[in-house]
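*Asks:* For reference, this is run-v4.pdb, and it has PDB, C-alpha atoms and all ligand atoms.
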ATOM      1  CA  MET A   1      -4.302 -20.204 -15.050
ATOM      2  CA  GLU A   2      -4.300 -16.786 -13.363
ATOM      3  CA  GLU A   3      -3.668 -13.817 -15.562
ATOM      4  CA  LYS A   4      -0.339 -12.072 -15.113
ATOM      5  CA  LYS A   5      -0.735  -8.466 -13.967
ATOM      6  CA  SER A   6       1.660  -5.733 -13.023
ATOM      7  CA  ILE A   7       1.607  -3.638  -9.859
ATOM      8  CA  VAL A   8       3.492  -0.345  -9.924
ATOM      9  CA  CYS A   9       4.884   1.436  -6.864
ATOM     10  CA  ASN A  10       3.462   4.970  -6.943
ATOM     11  CA  CYS A  11       6.605   6.339  -5.235
ATOM     12  CA  CYS A  12       9.412   4.951  -7.417
ATOM     13  CA  GLY A  13       7.613   3.444 -10.436
ATOM     14  CA  THR A  14       9.029  -0.068  -9.952
ATOM     15  CA  HIS A  15       6.879  -2.788 -11.565
ATOM     16  CA  PHE A  16       6.058  -6.047  -9.767
ATOM     17  CA  SER A  17       4.564  -9.075 -11.449
ATOM     18  CA  ALA A  18       1.407 -10.522  -9.940
ATOM     19  CA  PHE A  19      -0.411 -13.756 -10.700
ATOM     20  CA  GLY A  20      -3.921 -13.440  -9.283
ATOM     21  CA  ASN A  21      -3.394 -12.574  -5.608
ATOM     22  CA  VAL A  22       0.264 -13.678  -5.560
ATOM     23  CA  VAL A  23       2.828 -10.916  -6.059
ATOM     24  CA  GLU A  24       6.581 -11.464  -6.395
ATOM     25  CA  LYS A  25       7.255  -8.901  -3.639
ATOM     26  CA  ASP A  26       5.077  -7.651  -0.801
ATOM     27  CA  PHE A  27       3.883  -4.050  -0.881
ATOM     28  CA  LEU A  28       1.575  -1.593   0.863
ATOM     29  CA  HIS A  29      -1.840  -1.094  -0.725
ATOM     30  CA  VAL A  30      -3.831   1.945   0.383
ATOM     31  CA  LYS A  31      -7.419   2.591  -0.631
ATOM     32  CA  LYS A  32      -9.050   5.524   1.102
ATOM     33  CA  GLN A  33     -12.473   7.053   0.666
ATOM     34  CA  TRP A  34     -12.398  10.567   2.074
ATOM     35  CA  GLY A  35     -15.324  11.602   4.212
ATOM     36  CA  TYR A  36     -17.489  14.631   4.802
ATOM     37  CA  PHE A  37     -15.088  16.315   7.247
ATOM     38  CA  SER A  38     -12.280  16.438   4.707
ATOM     39  CA  LYS A  39     -11.735  18.685   1.722
ATOM     40  CA  LYS A  40     -11.958  15.593  -0.517
ATOM     41  CA  ASP A  41     -15.472  14.424   0.411
ATOM     42  CA  GLY A  42     -16.402  11.294  -1.531
ATOM     43  CA  ARG A  43     -13.053  11.006  -3.347
ATOM     44  CA  ILE A  44     -11.426   7.574  -3.396
ATOM     45  CA  ASP A  45      -7.613   7.521  -3.502
ATOM     46  CA  GLU A  46      -5.739   4.283  -4.168
ATOM     47  CA  PHE A  47      -2.006   3.667  -4.379
ATOM     48  CA  PHE A  48       0.730   1.087  -3.966
ATOM     49  CA  VAL A  49       4.046   1.538  -2.156
ATOM     50  CA  CYS A  50       6.913  -0.982  -2.425
ATOM     51  CA  GLU A  51       8.751  -2.104   0.710
ATOM     52  CA  SER A  52      11.859   0.048   0.197
ATOM     53  CA  CYS A  53       9.751   3.189  -0.408
ATOM     54  CA  TYR A  54       7.670   2.258   2.643
ATOM     55  CA  ASP A  55      10.836   2.134   4.786
ATOM     56  CA  LYS A  56      11.945   5.553   3.471
ATOM     57  CA  TRP A  57       8.442   6.951   4.069
ATOM     58  CA  LEU A  58       8.437   5.766   7.694
ATOM     59  CA  GLU A  59      11.755   7.559   8.356
ATOM     60  CA  ASN A  60       9.706  10.788   8.072
ATOM     61  CA  PHE A  61       7.150   9.708  10.682
ATOM     62  CA  VAL A  62       7.437  11.437  14.073
ATOM     63  CA  ILE A  63       5.824   8.430  15.765
ATOM     64  CA  CYS A  64       6.634   4.945  14.487
ATOM     65  CA  PRO A  65       3.711   2.698  13.521
ATOM     66  CA  LYS A  66       2.716  -0.018  15.967
ATOM     67  CA  GLU A  67       4.427  -3.289  15.155
ATOM     68  CA  ARG A  68       3.401  -6.766  16.156
ATOM     69  CA  MET A  69       3.935 -10.197  14.733
ATOM     70  CA  ALA A  70       1.119 -12.062  13.034
ATOM     71  CA  THR A  71       0.174 -15.259  14.781
ATOM     72  CA  GLU A  72      -1.743 -16.484  11.756
ATOM     73  CA  PHE A  73      -0.868 -16.047   8.132
ATOM     74  CA  LEU A  74      -3.820 -15.682   5.823
TER
HETATM   75 ZN    ZN B 101       8.861   2.051  -4.560
END
Could you write out this file's structure as structure tokens?
Ligand SMILES: [Zn+2]
*Replies:*
Amino acid sequence: MEEKKSIVCNCCGTHFSAFGNVVEKDFLHVKKQWGYFSKKDGRIDEFFVCESCYDKWLENFVICPKERMATEFL
């Protein structure tokens, strides 16, 4: 049996239960390694954002992200 884990939204602190790769709610996962032409060369940042915080975040975007529907679900 998969171990139960907890994923925490970095914006609002809400906890989500996860069993292996299955999470009770979908979320955004960002993992970014900054490169040489940044002020954070070599630093790896990682965070999680829940769907409601994601929607609030996008309200601040000047240009909306591209949207398209998946034709295959992994
Ligand atoms: Zn959140």
*Asks:* Please write the residues picked by the PyMOL selection byres (((chain A and resi 51) around 10) and not hetatm) on this file as a ChimeraX atom specification.
*Replies:* /A:9,25-28,48-50,52-57
*Asks:* Return the single residue from A:Cys12, A:Ala70, A:Val30, A:Val22 that is closest to Phe47 in chain A, with distances computed using all atoms listed in the file.
*Replies:*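 That would be A:Val30, the residue with the smallest distance to Phe47 in chain A.
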*Asks:* Report as a PyMOL selection string all protein, DNA and RNA residues lying within 8 Å of Lys31 in chain A, evaluated on all atoms listed in the file, omitting residues in the same chain fewer than 2 positions from it.
*Replies:* chain A and resi 29+33+44-47
*Asks:* My list of candidates is A:Gly42, A:Gly13, A:Gly35, A:Gly20. Which is closest to ligand ZN 101 (chain B) when distances are computed with all atoms listed in the file?
*Replies:*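 Among A:Gly42, A:Gly13, A:Gly35, A:Gly20, it is A:Gly13 that comes nearest to ligand ZN 101 (chain B).
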*Asks:* So what do you get for CA of Asn10 in chain A versus CA of Met69 in chain A, distance-wise?
*Replies:* 26.5 Å
